[in-house]
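**Q** Structure below; questions to follow.
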Amino acid sequence: MAVDIGGTKIAGALVHPDGTMTATTRRPTPRGADGDAVFAAVAEVVAELAGSPLWPSAVRCGIGSAGPVDTSRGTVSPVNIGAWRQFPIQARVEAELARHGAALPTVLAGDGVAMTAAEHWLGAARGHANALCMVVSTGVGGGLILNNRLHPGPTGNAGHIGHISVAFDGEPCVCGSRGCVESIASGTAIARWALAQGWTPADPDGDASAAGVAAAAEAGHPVAVAAFDRAGRALAAAIAATATLVETDIAVIGGGVATSGDTLFAPIRAHLADYATLSFVSGLRVVPAALGTHAGLIGAAAAAVMLLPGG
């Protein structure tokens, strides 16, 4: 059983050993509600899955959630779910499972770690014993595969590449540090920098988000091109640093900003040549994620298989 919790939707599915999904369901994430009201949507997802004839076959449960997470405590404090601060999601889901006759072993994973598990199981990192997987969207997150095993770390935050500092004198980051990858390469940061440098959408009512900047970059607008080059350089530096530290041989990038394709990937690969220079990282590949919108649910299931006993 898999549950995927985000700022806009809460989804669930029963996931088969080959990765196919059955009984998929979703609810909008309640806005302006208290913590219990948000969890009520999770409970509805569990109840709907419990009505499936395959429910008695479920053997474990994976919960993937937007972060921050603390898997050592089973709690989440998602930036985009303000009602949940250190919310005991794992214990609450376990109680809900038991209420529906399924006392399953359960694991919690942050969305970056879940995406990593998914891409290693069925996606672009399949067959790679050591991989870095990343989500580049409103924020920048990630996870690690080391020696064919998911490596979430003690609190579930290992591989959080968005908060590697790549600009010592860079602007302050929301995390409290300075010059973090997220403060340069997230979709929010790309759009903010481009606007500050004088770029505006050609249409006054046009898209001023990173997607709009990407479209302008594809059309050759110099500020938009520079915004993505700057983001690509930050990502390349962090990817190379991670690969040098733990000897990953592939970096898989998903998330909304990655849908801009070569507008993002071309500068990453170009700058990577300047940072991944040692012999053991010189062959490092950077590729797009393969699983798209299904990565959350597949990743929650994959994390359960990889992290729970008997997986």
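Residue numbering restarts at 1 for every chain of the structure tokens, chains are lettered A, B, ... in their displayed order, and ligands are numbered from 1 as they appear.
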Do you know which residues are at most 7 Å from Trp193 (chain A) counting only C-alpha atoms, after dropping those on the same chain fewer than 4 positions away, and could you put them as a PyMOL selection string?
**A** chain A and resi 189+197+227
**Q** Can I get the selected residues back with all heavy atoms, as a CSV table (one decimal), in the first residue's frame?
**A**
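Writing done, so here's part34.csv:
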chain,number,residue,atom,x,y,z
A,189,ALA,N,13.4,30.4,-7.6
A,189,ALA,CA,14.7,31.2,-7.7
A,189,ALA,C,15.0,31.7,-9.1
A,189,ALA,O,15.4,32.8,-9.3
A,189,ALA,CB,15.8,30.4,-7.1
A,197,GLN,N,16.6,40.8,-13.0
A,197,GLN,CA,17.6,41.2,-14.0
A,197,GLN,C,16.9,41.9,-15.2
A,197,GLN,O,17.6,42.2,-16.2
A,197,GLN,CB,18.4,40.0,-14.5
A,197,GLN,CG,19.2,39.3,-13.5
A,197,GLN,CD,20.2,40.2,-12.8
A,197,GLN,OE1,20.9,40.9,-13.5
A,197,GLN,NE2,20.2,40.2,-11.5
A,227,ALA,N,19.5,32.9,-16.8
A,227,ALA,CA,18.9,32.4,-15.5
A,227,ALA,C,19.1,30.9,-15.5
A,227,ALA,O,19.4,30.3,-14.4
A,227,ALA,CB,17.4,32.8,-15.5
**Q** Report the closest atom pair, with its distance in Å rounded to one decimal, for each residue of region 125-230 of chain A that has an atom no farther than 8 Å from region 261-281 of chain A; count only C-alpha atoms, sort by chain and then rising residue number, and write it as a Markdown table.
**A**
| residue | atom | partner | partner_atom | distance |
| --- | --- | --- | --- | --- |
| A:Ala214 | CA | A:Thr263 | CA | 6.6 |
| A:Ala217 | CA | A:Thr263 | CA | 7.0 |
| A:Glu218 | CA | A:Thr263 | CA | 6.7 |
| A:Val225 | CA | A:Thr263 | CA | 7.9 |
| A:Phe228 | CA | A:Leu264 | CA | 6.0 |
| A:Asp229 | CA | A:Pro267 | CA | 5.3 |
**Q** Could I get the residues of region 79-102 of chain A with an atom no further than 9 Å from an atom of region 20-33 of chain A, each paired with its nearest atom pair and that distance in Å to one decimal, using only C-alpha atoms, sorted by chain and residue number, as a tab-separated table?
**A**
residue	atom	partner	partner_atom	distance
A:Ile81	CA	A:Arg31	CA	7.9
A:Gly82	CA	A:Gly32	CA	8.4
A:Ala83	CA	A:Ala33	CA	6.8
**Q** Quick one: DSSP strand (DSSP E) residues in region 196-308 of chain A, as a ChimeraX atom specification?
**A** /A:250-254,285-288
**Q** Those same residues, written as a PDB file, in the first residue's frame with N, CA and C atoms?
**A**
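For reference, result28.pdb as written:
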ATOM      1  N   ILE A 250      25.465   8.345 -11.725  1.00  0.00           N
ATOM      2  CA  ILE A 250      24.355   8.921 -12.471  1.00  0.00           C
ATOM      3  C   ILE A 250      23.579   9.868 -11.568  1.00  0.00           C
ATOM      4  N   ALA A 251      23.102  10.951 -12.165  1.00  0.00           N
ATOM      5  CA  ALA A 251      22.206  11.881 -11.479  1.00  0.00           C
ATOM      6  C   ALA A 251      20.923  11.963 -12.285  1.00  0.00           C
ATOM      7  N   VAL A 252      19.821  11.664 -11.636  1.00  0.00           N
ATOM      8  CA  VAL A 252      18.505  11.663 -12.277  1.00  0.00           C
ATOM      9  C   VAL A 252      17.742  12.882 -11.766  1.00  0.00           C
ATOM     10  N   ILE A 253      17.219  13.691 -12.682  1.00  0.00           N
ATOM     11  CA  ILE A 253      16.555  14.928 -12.278  1.00  0.00           C
ATOM     12  C   ILE A 253      15.111  14.925 -12.759  1.00  0.00           C
ATOM     13  N   GLY A 254      14.186  15.085 -11.815  1.00  0.00           N
ATOM     14  CA  GLY A 254      12.777  15.221 -12.120  1.00  0.00           C
ATOM     15  C   GLY A 254      12.244  16.505 -11.524  1.00  0.00           C
ATOM     16  N   ARG A 285      26.853  10.741 -15.502  1.00  0.00           N
ATOM     17  CA  ARG A 285      25.774  11.087 -16.436  1.00  0.00           C
ATOM     18  C   ARG A 285      24.660  11.823 -15.702  1.00  0.00           C
ATOM     19  N   VAL A 286      24.030  12.761 -16.395  1.00  0.00           N
ATOM     20  CA  VAL A 286      22.870  13.482 -15.880  1.00  0.00           C
ATOM     21  C   VAL A 286      21.716  13.237 -16.840  1.00  0.00           C
ATOM     22  N   VAL A 287      20.623  12.668 -16.337  1.00  0.00           N
ATOM     23  CA  VAL A 287      19.514  12.266 -17.201  1.00  0.00           C
ATOM     24  C   VAL A 287      18.182  12.687 -16.584  1.00  0.00           C
ATOM     25  N   PRO A 288      17.140  12.825 -17.408  1.00  0.00           N
ATOM     26  CA  PRO A 288      15.811  13.151 -16.870  1.00  0.00           C
ATOM     27  C   PRO A 288      15.188  11.956 -16.156  1.00  0.00           C
TER      28      PRO A 288
END
**Q** How far is it from CA of Arg126 (chain A) to CA of Val69 (chain A), in Å with one decimal?
**A**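 Result for CA of Arg126 (chain A) versus CA of Val69 (chain A): 25.5 Å, one decimal.
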**Q** To one decimal place in Å, what is the distance between CA of Gly220 (chain A) and CA of Asp169 (chain A)?
**A**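 Computing the Euclidean distance for CA of Gly220 (chain A) and CA of Asp169 (chain A) yields 29.0 Å.
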**Q** Using only C-alpha atoms, can you tell me which of A:Leu122, A:Ala50, A:Ile5, A:Leu144 comes closest to Ala302 (chain A)?
**A** A:Leu122
**Q** Would you compute the distance between CA of Val93 (chain A) and CA of Val305 (chain A)? Give it in Å to one decimal.
**A**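 Rounded to one decimal, the two atoms are 17.4 Å apart.
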**Q** Residues at most 9 Å from Ala210 (chain A), counting only C-alpha atoms, excluding those fewer than 5 positions away in the same chain, as a list of chain:residue names?
**A**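 Residues near the query, excluding close chain neighbours: A:Ser186, A:Gly187, A:Thr188, A:Ala189, A:Ile190, A:Ala191, A:Arg192, A:Ala194, A:Ala215, A:Gly256, A:Val257.
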**Q** Identify, on the basis of only C-alpha atoms, every residue whose closest approach to Glu48 (chain A) does not exceed 12 Å; exclude the query and any residue fewer than 3 positions from it along the same chain; express the result as a PyMOL selection string.
**A** chain A and resi 1+3+11-14+22-27+41-45+51-55+96-97+100
**Q** Using only C-alpha atoms for the distances, tell me which of A:Ala226, A:Val140, A:Met306, A:Leu150 is nearest to Gly67 (chain A).
**A**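 Residue with the minimum atom-to-atom distance to Gly67 (chain A): A:Val140.
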**Q** Name the residues of region 141-244 of chain A that fall into helix (DSSP H, G or I) according to DSSP on the backbone, using the chain letters and numbers of this document, as a PyMOL selection string.
**A** chain A and resi 161-163+182-185+187-196+210-218+222-244
**Q** For Gly255 (chain A), which residue out of A:Leu291, A:Val135, A:Ser183, A:Ala300 is the nearest one, using only C-alpha atoms?
**A**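 Among the listed residues, the smallest separation from Gly255 (chain A) belongs to A:Val135.
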**Q** What lies within 12 Å of region 202-207 of chain A using only C-alpha atoms, ignoring chain neighbours under 4 positions off, as a PyMOL selection string?
**A** chain A and resi 191+195+198+211-216+219+221+224
**Q** Give me a file of those residues, with all heavy atoms, as a PDB file, in the first residue's frame.
**A**
ATOM      1  N   ALA A 191      12.865  32.195 -11.571  1.00  0.00           N
ATOM      2  CA  ALA A 191      11.947  33.271 -11.953  1.00  0.00           C
ATOM      3  C   ALA A 191      12.297  34.572 -11.234  1.00  0.00           C
ATOM      4  O   ALA A 191      12.297  35.652 -11.841  1.00  0.00           O
ATOM      5  CB  ALA A 191      10.515  32.861 -11.651  1.00  0.00           C
ATOM      6  N   LEU A 195      13.446  38.040 -13.225  1.00  0.00           N
ATOM      7  CA  LEU A 195      12.667  39.269 -13.079  1.00  0.00           C
ATOM      8  C   LEU A 195      13.531  40.400 -12.526  1.00  0.00           C
ATOM      9  O   LEU A 195      13.426  41.552 -12.963  1.00  0.00           O
ATOM     10  CB  LEU A 195      11.462  39.020 -12.172  1.00  0.00           C
ATOM     11  CG  LEU A 195      10.358  38.139 -12.772  1.00  0.00           C
ATOM     12  CD1 LEU A 195       9.406  37.652 -11.682  1.00  0.00           C
ATOM     13  CD2 LEU A 195       9.573  38.910 -13.840  1.00  0.00           C
ATOM     14  N   GLY A 198      15.593  42.153 -15.100  1.00  0.00           N
ATOM     15  CA  GLY A 198      14.912  42.927 -16.117  1.00  0.00           C
ATOM     16  C   GLY A 198      14.083  42.140 -17.102  1.00  0.00           C
ATOM     17  O   GLY A 198      13.445  42.725 -17.989  1.00  0.00           O
ATOM     18  N   ALA A 211       8.502  28.367 -15.792  1.00  0.00           N
ATOM     19  CA  ALA A 211       8.068  27.861 -17.099  1.00  0.00           C
ATOM     20  C   ALA A 211       8.079  28.977 -18.136  1.00  0.00           C
ATOM     21  O   ALA A 211       8.466  28.764 -19.299  1.00  0.00           O
ATOM     22  CB  ALA A 211       6.679  27.244 -16.990  1.00  0.00           C
ATOM     23  N   GLY A 212       7.681  30.173 -17.734  1.00  0.00           N
ATOM     24  CA  GLY A 212       7.730  31.313 -18.633  1.00  0.00           C
ATOM     25  C   GLY A 212       9.161  31.705 -18.980  1.00  0.00           C
ATOM     26  O   GLY A 212       9.470  32.060 -20.126  1.00  0.00           O
ATOM     27  N   VAL A 213      10.042  31.630 -17.974  1.00  0.00           N
ATOM     28  CA  VAL A 213      11.458  31.917 -18.226  1.00  0.00           C
ATOM     29  C   VAL A 213      12.038  30.872 -19.180  1.00  0.00           C
ATOM     30  O   VAL A 213      12.811  31.201 -20.088  1.00  0.00           O
ATOM     31  CB  VAL A 213      12.258  31.940 -16.907  1.00  0.00           C
ATOM     32  CG1 VAL A 213      13.733  32.248 -17.178  1.00  0.00           C
ATOM     33  CG2 VAL A 213      11.688  32.975 -15.942  1.00  0.00           C
ATOM     34  N   ALA A 214      11.650  29.619 -19.003  1.00  0.00           N
ATOM     35  CA  ALA A 214      12.132  28.554 -19.883  1.00  0.00           C
ATOM     36  C   ALA A 214      11.703  28.799 -21.325  1.00  0.00           C
ATOM     37  O   ALA A 214      12.494  28.641 -22.261  1.00  0.00           O
ATOM     38  CB  ALA A 214      11.628  27.199 -19.410  1.00  0.00           C
ATOM     39  N   ALA A 215      10.442  29.198 -21.509  1.00  0.00           N
ATOM     40  CA  ALA A 215       9.954  29.477 -22.860  1.00  0.00           C
ATOM     41  C   ALA A 215      10.732  30.629 -23.484  1.00  0.00           C
ATOM     42  O   ALA A 215      11.090  30.591 -24.678  1.00  0.00           O
ATOM     43  CB  ALA A 215       8.459  29.800 -22.821  1.00  0.00           C
ATOM     44  N   ALA A 216      11.030  31.651 -22.673  1.00  0.00           N
ATOM     45  CA  ALA A 216      11.803  32.784 -23.179  1.00  0.00           C
ATOM     46  C   ALA A 216      13.234  32.370 -23.505  1.00  0.00           C
ATOM     47  O   ALA A 216      13.826  32.838 -24.493  1.00  0.00           O
ATOM     48  CB  ALA A 216      11.802  33.916 -22.150  1.00  0.00           C
ATOM     49  N   ALA A 219      13.437  30.767 -26.721  1.00  0.00           N
ATOM     50  CA  ALA A 219      13.332  31.760 -27.794  1.00  0.00           C
ATOM     51  C   ALA A 219      14.578  32.639 -27.894  1.00  0.00           C
ATOM     52  O   ALA A 219      14.645  33.526 -28.751  1.00  0.00           O
ATOM     53  CB  ALA A 219      12.095  32.634 -27.570  1.00  0.00           C
ATOM     54  N   HIS A 221      15.978  34.654 -25.373  1.00  0.00           N
ATOM     55  CA  HIS A 221      16.080  35.866 -24.547  1.00  0.00           C
ATOM     56  C   HIS A 221      17.317  35.759 -23.657  1.00  0.00           C
ATOM     57  O   HIS A 221      17.451  34.805 -22.882  1.00  0.00           O
ATOM     58  CB  HIS A 221      14.824  36.039 -23.690  1.00  0.00           C
ATOM     59  CG  HIS A 221      14.726  37.380 -23.045  1.00  0.00           C
ATOM     60  ND1 HIS A 221      15.572  37.780 -22.026  1.00  0.00           N
ATOM     61  CD2 HIS A 221      13.890  38.444 -23.275  1.00  0.00           C
ATOM     62  CE1 HIS A 221      15.255  39.001 -21.647  1.00  0.00           C
ATOM     63  NE2 HIS A 221      14.237  39.424 -22.399  1.00  0.00           N
ATOM     64  N   ALA A 224      16.844  35.257 -19.802  1.00  0.00           N
ATOM     65  CA  ALA A 224      16.262  33.943 -19.516  1.00  0.00           C
ATOM     66  C   ALA A 224      17.295  32.839 -19.706  1.00  0.00           C
ATOM     67  O   ALA A 224      17.387  31.905 -18.900  1.00  0.00           O
ATOM     68  CB  ALA A 224      15.051  33.706 -20.414  1.00  0.00           C
TER      69      ALA A 224
END
